[in-house]
>>> print(open('final-v1.tsv').read())   # TSV, C-alpha atoms
chain	number	residue	atom	x	y	z
A	1	MET	CA	198.09	25.60	-39.10
A	2	LEU	CA	200.32	22.64	-38.23
A	3	SER	CA	204.04	23.09	-37.96
A	4	LEU	CA	206.49	21.04	-40.00
A	5	THR	CA	207.37	18.70	-37.14
A	6	GLU	CA	203.71	18.04	-36.30
A	7	THR	CA	203.02	17.22	-39.95
A	8	LEU	CA	206.05	14.93	-40.10
A	9	ILE	CA	205.02	13.14	-36.89
A	10	SER	CA	201.51	12.72	-38.28
A	11	ILE	CA	202.85	11.22	-41.52
A	12	ILE	CA	205.16	8.83	-39.65
A	13	MET	CA	202.32	7.80	-37.33
A	14	ASN	CA	200.06	7.08	-40.32
A	15	ILE	CA	202.81	5.01	-41.97
A	16	ILE	CA	203.28	2.96	-38.78
A	17	ILE	CA	199.51	2.43	-38.53
A	18	ILE	CA	199.33	1.28	-42.15
A	19	ILE	CA	202.24	-1.13	-41.66
A	20	LEU	CA	200.66	-2.59	-38.53
A	21	MET	CA	197.30	-3.03	-40.25
A	22	LEU	CA	198.86	-4.68	-43.30
A	23	SER	CA	201.00	-7.02	-41.21
A	24	GLY	CA	197.98	-7.96	-39.09
A	25	THR	CA	195.97	-8.69	-42.20
A	26	PHE	CA	198.83	-10.80	-43.57
A	27	PHE	CA	199.11	-12.86	-40.38
A	28	ILE	CA	195.36	-13.48	-40.19
A	29	PHE	CA	195.20	-14.42	-43.88
A	30	SER	CA	198.17	-16.78	-43.55
A	31	SER	CA	196.48	-18.36	-40.54
A	32	ALA	CA	193.32	-19.01	-42.52
A	33	LEU	CA	195.40	-20.52	-45.29
A	34	GLY	CA	197.26	-22.71	-42.81
A	35	ILE	CA	194.03	-24.00	-41.28
A	36	ILE	CA	192.86	-25.05	-44.73
A	37	ARG	CA	196.15	-26.49	-45.99
A	38	PHE	CA	197.80	-28.22	-42.99
A	39	PRO	CA	197.28	-31.98	-42.70
A	40	ASP	CA	196.45	-32.70	-39.05
A	41	VAL	CA	194.98	-31.28	-35.86
A	42	PHE	CA	198.29	-30.22	-34.32
A	43	THR	CA	199.60	-28.22	-37.25
A	44	ARG	CA	196.17	-26.65	-37.74
A	45	LEU	CA	196.13	-25.65	-34.08
A	46	HIS	CA	199.53	-24.08	-34.55
A	47	ALA	CA	198.18	-22.07	-37.47
A	48	ALA	CA	195.03	-21.20	-35.56
A	49	THR	CA	196.82	-19.82	-32.50
A	50	LYS	CA	200.21	-18.35	-33.37
A	51	ALA	CA	199.55	-16.26	-36.45
A	52	PRO	CA	196.18	-14.79	-35.39
A	53	THR	CA	197.72	-13.77	-32.08
A	54	LEU	CA	200.26	-11.63	-33.91
A	55	GLY	CA	197.64	-10.44	-36.39
A	56	ILE	CA	195.04	-9.37	-33.86
A	57	MET	CA	197.67	-7.78	-31.63
A	58	SER	CA	199.06	-5.69	-34.48
A	59	ILE	CA	195.59	-4.58	-35.59
A	60	LEU	CA	194.67	-3.62	-32.02
A	61	LEU	CA	197.97	-1.77	-31.64
A	62	ALA	CA	197.29	0.11	-34.88
A	63	THR	CA	193.84	1.02	-33.52
A	64	PHE	CA	195.40	2.22	-30.27
A	65	LEU	CA	197.91	4.38	-32.14
A	66	PHE	CA	195.18	5.79	-34.38
A	67	LEU	CA	193.00	6.76	-31.43
A	68	TYR	CA	195.96	8.26	-29.61
A	69	GLY	CA	197.26	10.14	-32.65
A	70	SER	CA	193.95	11.41	-34.00
A	71	HIS	CA	191.78	11.96	-30.95
A	72	GLN	CA	194.28	11.90	-28.03
A	73	ILE	CA	192.43	8.94	-26.49
A	74	VAL	CA	194.42	6.44	-24.45
A	75	SER	CA	192.33	3.28	-24.53
A	76	GLY	CA	193.12	0.98	-21.65
A	77	LYS	CA	190.61	-1.54	-23.00
A	78	LEU	CA	192.68	-2.01	-26.14
A	79	LEU	CA	195.84	-2.52	-24.10
A	80	LEU	CA	194.06	-5.05	-21.89
A	81	ALA	CA	192.72	-6.85	-24.97
A	82	ILE	CA	196.24	-7.06	-26.41
A	83	LEU	CA	197.55	-8.46	-23.13
A	84	PHE	CA	194.69	-10.95	-22.79
A	85	ILE	CA	195.07	-12.25	-26.35
A	86	PHE	CA	198.84	-12.46	-25.95
A	87	LEU	CA	198.48	-14.59	-22.83
A	88	SER	CA	195.42	-16.72	-23.54
A	89	SER	CA	195.56	-17.71	-27.21
A	90	PRO	CA	198.82	-19.72	-27.19
A	91	VAL	CA	197.94	-21.34	-23.86
A	92	GLY	CA	194.52	-22.34	-25.19
A	93	GLY	CA	196.10	-23.87	-28.29
A	94	HIS	CA	198.56	-25.79	-26.14
A	95	MET	CA	195.79	-27.17	-23.95
A	96	LEU	CA	193.73	-28.19	-26.98
A	97	SER	CA	196.70	-30.00	-28.52
A	98	ARG	CA	197.40	-31.83	-25.25
A	99	ALA	CA	193.76	-32.87	-25.01
A	100	ALA	CA	193.85	-34.11	-28.61
A	101	HIS	CA	197.02	-36.08	-27.90
A	102	LYS	CA	195.54	-37.63	-24.76
A	103	ALA	CA	192.45	-38.59	-26.79
A	104	ASN	CA	194.81	-40.63	-29.04
A	105	VAL	CA	194.66	-38.31	-32.03
A	106	LYS	CA	197.85	-39.17	-33.88
A	107	PRO	CA	199.96	-36.42	-35.43
A	108	TYR	CA	200.87	-36.48	-39.09
A	109	LEU	CA	204.39	-37.90	-38.98
A	110	ARG	CA	206.41	-37.99	-42.13
A	111	HIS	CA	210.08	-37.86	-41.16
A	112	ARG	CA	209.97	-37.57	-37.41
A	113	GLU	CA	208.89	-39.32	-34.26
A	114	ASP	CA	206.20	-38.39	-31.74
A	115	GLU	CA	208.50	-37.27	-28.94
A	116	TYR	CA	205.71	-36.50	-26.51
A	117	GLU	CA	204.37	-40.05	-26.79
A	118	THR	CA	207.79	-41.56	-26.06
A	119	TYR	CA	208.22	-39.19	-23.12
A	120	MET	CA	204.85	-40.20	-21.67
A	121	ARG	CA	205.67	-43.90	-22.13
A	122	THR	CA	208.95	-43.58	-20.22
A	123	LYS	CA	207.26	-41.50	-17.55
A	124	ASN	CA	204.50	-44.09	-17.09
A	125	LYS	CA	207.07	-46.91	-16.94
A	126	LYS	CA	208.96	-45.07	-14.21
A	127	GLN	CA	205.77	-44.51	-12.24
A	128	ALA	CA	204.76	-48.16	-12.55
A	129	LYS	CA	208.02	-49.33	-10.94
>>> encode(input="final-v1.tsv", output="structure tokens")
Amino acid sequence: MLSLTETLISIIMNIIIIILMLSGTFFIFSSALGIIRFPDVFTRLHAATKAPTLGIMSILLATFLFLYGSHQIVSGKLLLAILFIFLSSPVGGHMLSRAAHKANVKPYLRHREDEYETYMRTKNKKQAK
């Protein structure tokens, strides 16, 4: 028979797991929507890297808490996966966007200027002198 505090901790743990799973699902769904709806490569890359990073990390954290709470398993692989995704996904998106910019893929500009292009022009002018 479980005591009152153990039951309360179990209920709170399940609520936290449910919230993490729902928020992860929301972030991944909003990322898929952003990939479909955004107009150019750079905004789609933003949607494809930022939101899924949060979504996958929260789902993996919910899995870690479930395994720890239900079976008393501390999974180092899940923690390493969270760390790896946290570090590699945004960096990969940044490198892809730089490669697209260097390949002369123009961003969708409505009311703003391509600041990276002007920076690279001034940098190249300074180097040419």
>>> residues_around(input="final-v1.tsv", residues="Leu60 in chain A", least_positions_apart="5", cutoff="10 Å", atoms="only C-alpha atoms", output="PyMOL selection string")
chain A and resi 20-21+24+54-55+65-66+78-79+81-82
>>> write_last_selection(input="final-v1.tsv", atoms="C-alpha atoms", output="PDB file, in the coordinates of the input")
ATOM      1  CA  LEU A  20     200.660  -2.590 -38.530  1.00  0.00           C
ATOM      2  CA  MET A  21     197.300  -3.030 -40.250  1.00  0.00           C
ATOM      3  CA  GLY A  24     197.980  -7.960 -39.090  1.00  0.00           C
ATOM      4  CA  LEU A  54     200.260 -11.630 -33.910  1.00  0.00           C
ATOM      5  CA  GLY A  55     197.640 -10.440 -36.390  1.00  0.00           C
ATOM      6  CA  LEU A  65     197.910   4.380 -32.140  1.00  0.00           C
ATOM      7  CA  PHE A  66     195.180   5.790 -34.380  1.00  0.00           C
ATOM      8  CA  LEU A  78     192.680  -2.010 -26.140  1.00  0.00           C
ATOM      9  CA  LEU A  79     195.840  -2.520 -24.100  1.00  0.00           C
ATOM     10  CA  ALA A  81     192.720  -6.850 -24.970  1.00  0.00           C
ATOM     11  CA  ILE A  82     196.240  -7.060 -26.410  1.00  0.00           C
TER      12      ILE A  82
END
>>> closest_residue(input="final-v1.tsv", among="A:Ser97, A:Lys102, A:Ile18, A:Leu109", to="Arg44 in chain A", atoms="only C-alpha atoms")
A:Ser97
>>> atom_distance(input="final-v1.tsv", atom1="CA of Phe27 in chain A", atom2="CA of Ala51 in chain A")
5.2 Å
>>> residues_around(input="final-v1.tsv", residues="Asn104 in chain A", least_positions_apart="6", cutoff="12 Å", atoms="only C-alpha atoms", output="list of chain:residue names")
A:Val41, A:Ser97, A:Arg98, A:Asp114, A:Tyr116, A:Glu117
>>> atom_distance(input="final-v1.tsv", atom1="CA of Ile59 in chain A", atom2="CA of Ser23 in chain A")
8.2 Å
>>> atom_distance(input="final-v1.tsv", atom1="CA of Arg121 in chain A", atom2="CA of Pro39 in chain A")
25.2 Å
>>> closest_residue(input="final-v1.tsv", among="A:Gly93, A:Pro107, A:Pro52, A:Gly69", to="Leu33 in chain A", atoms="only C-alpha atoms")
A:Pro52
>>> closest_residue(input="final-v1.tsv", among="A:Phe64, A:Leu80, A:Thr7, A:His94", to="Ala47 in chain A", atoms="only C-alpha atoms")
A:His94
>>> closest_residue(input="final-v1.tsv", among="A:Met13, A:Leu96, A:Ala128, A:Leu2", to="Ser70 in chain A", atoms="all atoms listed in the file")
A:Met13
>>> closest_residue(input="final-v1.tsv", among="A:Met120, A:Gln72, A:Gln127, A:Ile36", to="His101 in chain A", atoms="only C-alpha atoms")
A:Met120
>>> closest_residue(input="final-v1.tsv", among="A:Lys77, A:Arg37, A:His46, A:Lys106", to="Thr63 in chain A", atoms="all atoms listed in the file")
A:Lys77
>>> decode(input="final-v1.tsv", residues="range 43-72 of chain A", atoms="N, CA, C and O atoms", output="PDB file, in the first residue's frame")
ATOM      1  N   THR A  43      13.563  31.026 -43.320  1.00  0.00           N
ATOM      2  CA  THR A  43      12.509  30.908 -42.310  1.00  0.00           C
ATOM      3  C   THR A  43      12.096  29.445 -42.120  1.00  0.00           C
ATOM      4  O   THR A  43      11.755  29.041 -41.015  1.00  0.00           O
ATOM      5  N   ARG A  44      12.150  28.665 -43.179  1.00  0.00           N
ATOM      6  CA  ARG A  44      11.850  27.239 -43.040  1.00  0.00           C
ATOM      7  C   ARG A  44      12.920  26.528 -42.219  1.00  0.00           C
ATOM      8  O   ARG A  44      12.615  25.634 -41.431  1.00  0.00           O
ATOM      9  N   LEU A  45      14.178  26.931 -42.407  1.00  0.00           N
ATOM     10  CA  LEU A  45      15.239  26.356 -41.580  1.00  0.00           C
ATOM     11  C   LEU A  45      15.054  26.719 -40.114  1.00  0.00           C
ATOM     12  O   LEU A  45      15.333  25.918 -39.223  1.00  0.00           O
ATOM     13  N   HIS A  46      14.598  27.939 -39.878  1.00  0.00           N
ATOM     14  CA  HIS A  46      14.329  28.346 -38.497  1.00  0.00           C
ATOM     15  C   HIS A  46      13.249  27.455 -37.891  1.00  0.00           C
ATOM     16  O   HIS A  46      13.384  26.981 -36.755  1.00  0.00           O
ATOM     17  N   ALA A  47      12.192  27.217 -38.663  1.00  0.00           N
ATOM     18  CA  ALA A  47      11.117  26.350 -38.173  1.00  0.00           C
ATOM     19  C   ALA A  47      11.576  24.908 -38.028  1.00  0.00           C
ATOM     20  O   ALA A  47      11.108  24.185 -37.153  1.00  0.00           O
ATOM     21  N   ALA A  48      12.502  24.492 -38.888  1.00  0.00           N
ATOM     22  CA  ALA A  48      12.941  23.098 -38.872  1.00  0.00           C
ATOM     23  C   ALA A  48      13.987  22.807 -37.807  1.00  0.00           C
ATOM     24  O   ALA A  48      14.292  21.647 -37.554  1.00  0.00           O
ATOM     25  N   THR A  49      14.555  23.832 -37.180  1.00  0.00           N
ATOM     26  CA  THR A  49      15.591  23.575 -36.180  1.00  0.00           C
ATOM     27  C   THR A  49      15.200  24.000 -34.776  1.00  0.00           C
ATOM     28  O   THR A  49      15.482  23.280 -33.822  1.00  0.00           O
ATOM     29  N   LYS A  50      14.573  25.131 -34.611  1.00  0.00           N
ATOM     30  CA  LYS A  50      14.315  25.642 -33.261  1.00  0.00           C
ATOM     31  C   LYS A  50      13.195  24.890 -32.556  1.00  0.00           C
ATOM     32  O   LYS A  50      13.359  24.404 -31.440  1.00  0.00           O
ATOM     33  N   ALA A  51      12.045  24.819 -33.177  1.00  0.00           N
ATOM     34  CA  ALA A  51      10.904  24.180 -32.518  1.00  0.00           C
ATOM     35  C   ALA A  51      11.079  22.676 -32.308  1.00  0.00           C
ATOM     36  O   ALA A  51      10.764  22.173 -31.222  1.00  0.00           O
ATOM     37  N   PRO A  52      11.598  21.923 -33.281  1.00  0.00           N
ATOM     38  CA  PRO A  52      11.780  20.490 -33.010  1.00  0.00           C
ATOM     39  C   PRO A  52      12.813  20.215 -31.928  1.00  0.00           C
ATOM     40  O   PRO A  52      12.724  19.209 -31.235  1.00  0.00           O
ATOM     41  N   THR A  53      13.788  21.123 -31.791  1.00  0.00           N
ATOM     42  CA  THR A  53      14.754  20.939 -30.713  1.00  0.00           C
ATOM     43  C   THR A  53      14.052  20.958 -29.371  1.00  0.00           C
ATOM     44  O   THR A  53      14.264  20.072 -28.533  1.00  0.00           O
ATOM     45  N   LEU A  54      13.195  21.938 -29.162  1.00  0.00           N
ATOM     46  CA  LEU A  54      12.438  21.998 -27.905  1.00  0.00           C
ATOM     47  C   LEU A  54      11.470  20.825 -27.783  1.00  0.00           C
ATOM     48  O   LEU A  54      11.294  20.252 -26.702  1.00  0.00           O
ATOM     49  N   GLY A  55      10.834  20.459 -28.898  1.00  0.00           N
ATOM     50  CA  GLY A  55       9.870  19.370 -28.869  1.00  0.00           C
ATOM     51  C   GLY A  55      10.498  18.030 -28.540  1.00  0.00           C
ATOM     52  O   GLY A  55      10.016  17.295 -27.676  1.00  0.00           O
ATOM     53  N   ILE A  56      11.578  17.712 -29.227  1.00  0.00           N
ATOM     54  CA  ILE A  56      12.236  16.421 -28.983  1.00  0.00           C
ATOM     55  C   ILE A  56      12.838  16.384 -27.590  1.00  0.00           C
ATOM     56  O   ILE A  56      12.774  15.358 -26.900  1.00  0.00           O
ATOM     57  N   MET A  57      13.415  17.519 -27.156  1.00  0.00           N
ATOM     58  CA  MET A  57      14.000  17.542 -25.810  1.00  0.00           C
ATOM     59  C   MET A  57      12.939  17.348 -24.738  1.00  0.00           C
ATOM     60  O   MET A  57      13.168  16.612 -23.774  1.00  0.00           O
ATOM     61  N   SER A  58      11.766  17.942 -24.905  1.00  0.00           N
ATOM     62  CA  SER A  58      10.740  17.764 -23.875  1.00  0.00           C
ATOM     63  C   SER A  58      10.158  16.348 -23.900  1.00  0.00           C
ATOM     64  O   SER A  58       9.859  15.791 -22.844  1.00  0.00           O
ATOM     65  N   ILE A  59      10.048  15.745 -25.068  1.00  0.00           N
ATOM     66  CA  ILE A  59       9.565  14.361 -25.128  1.00  0.00           C
ATOM     67  C   ILE A  59      10.589  13.408 -24.512  1.00  0.00           C
ATOM     68  O   ILE A  59      10.233  12.486 -23.760  1.00  0.00           O
ATOM     69  N   LEU A  60      11.874  13.625 -24.799  1.00  0.00           N
ATOM     70  CA  LEU A  60      12.907  12.777 -24.196  1.00  0.00           C
ATOM     71  C   LEU A  60      12.988  12.980 -22.684  1.00  0.00           C
ATOM     72  O   LEU A  60      13.216  12.026 -21.925  1.00  0.00           O
ATOM     73  N   LEU A  61      12.788  14.210 -22.226  1.00  0.00           N
ATOM     74  CA  LEU A  61      12.776  14.468 -20.789  1.00  0.00           C
ATOM     75  C   LEU A  61      11.580  13.789 -20.121  1.00  0.00           C
ATOM     76  O   LEU A  61      11.704  13.243 -19.021  1.00  0.00           O
ATOM     77  N   ALA A  62      10.429  13.814 -20.785  1.00  0.00           N
ATOM     78  CA  ALA A  62       9.255  13.111 -20.257  1.00  0.00           C
ATOM     79  C   ALA A  62       9.515  11.609 -20.189  1.00  0.00           C
ATOM     80  O   ALA A  62       9.140  10.948 -19.214  1.00  0.00           O
ATOM     81  N   THR A  63      10.192  11.073 -21.202  1.00  0.00           N
ATOM     82  CA  THR A  63      10.542   9.647 -21.190  1.00  0.00           C
ATOM     83  C   THR A  63      11.495   9.330 -20.053  1.00  0.00           C
ATOM     84  O   THR A  63      11.339   8.317 -19.358  1.00  0.00           O
ATOM     85  N   PHE A  64      12.479  10.206 -19.846  1.00  0.00           N
ATOM     86  CA  PHE A  64      13.423  10.011 -18.743  1.00  0.00           C
ATOM     87  C   PHE A  64      12.698  10.013 -17.404  1.00  0.00           C
ATOM     88  O   PHE A  64      12.946   9.149 -16.553  1.00  0.00           O
ATOM     89  N   LEU A  65      11.802  10.980 -17.206  1.00  0.00           N
ATOM     90  CA  LEU A  65      11.064  11.046 -15.941  1.00  0.00           C
ATOM     91  C   LEU A  65      10.145   9.838 -15.759  1.00  0.00           C
ATOM     92  O   LEU A  65       9.984   9.338 -14.642  1.00  0.00           O
ATOM     93  N   PHE A  66       9.543   9.367 -16.845  1.00  0.00           N
ATOM     94  CA  PHE A  66       8.693   8.183 -16.751  1.00  0.00           C
ATOM     95  C   PHE A  66       9.495   6.956 -16.333  1.00  0.00           C
ATOM     96  O   PHE A  66       9.084   6.201 -15.452  1.00  0.00           O
ATOM     97  N   LEU A  67      10.642   6.763 -16.985  1.00  0.00           N
ATOM     98  CA  LEU A  67      11.472   5.603 -16.632  1.00  0.00           C
ATOM     99  C   LEU A  67      11.984   5.699 -15.196  1.00  0.00           C
ATOM    100  O   LEU A  67      12.058   4.693 -14.491  1.00  0.00           O
ATOM    101  N   TYR A  68      12.345   6.905 -14.786  1.00  0.00           N
ATOM    102  CA  TYR A  68      12.841   7.077 -13.418  1.00  0.00           C
ATOM    103  C   TYR A  68      11.717   6.891 -12.394  1.00  0.00           C
ATOM    104  O   TYR A  68      11.912   6.248 -11.364  1.00  0.00           O
ATOM    105  N   GLY A  69      10.545   7.446 -12.693  1.00  0.00           N
ATOM    106  CA  GLY A  69       9.438   7.358 -11.744  1.00  0.00           C
ATOM    107  C   GLY A  69       8.802   5.987 -11.674  1.00  0.00           C
ATOM    108  O   GLY A  69       8.433   5.515 -10.600  1.00  0.00           O
ATOM    109  N   SER A  70       8.685   5.296 -12.796  1.00  0.00           N
ATOM    110  CA  SER A  70       7.986   4.014 -12.821  1.00  0.00           C
ATOM    111  C   SER A  70       8.891   2.828 -12.519  1.00  0.00           C
ATOM    112  O   SER A  70       8.506   1.916 -11.801  1.00  0.00           O
ATOM    113  N   HIS A  71      10.094   2.842 -13.099  1.00  0.00           N
ATOM    114  CA  HIS A  71      10.954   1.671 -13.013  1.00  0.00           C
ATOM    115  C   HIS A  71      12.285   1.930 -12.301  1.00  0.00           C
ATOM    116  O   HIS A  71      13.140   1.060 -12.288  1.00  0.00           O
ATOM    117  N   GLN A  72      12.482   3.145 -11.796  1.00  0.00           N
ATOM    118  CA  GLN A  72      13.722   3.548 -11.123  1.00  0.00           C
ATOM    119  C   GLN A  72      14.947   3.314 -12.018  1.00  0.00           C
ATOM    120  O   GLN A  72      15.999   2.875 -11.570  1.00  0.00           O
TER     121      GLN A  72
END
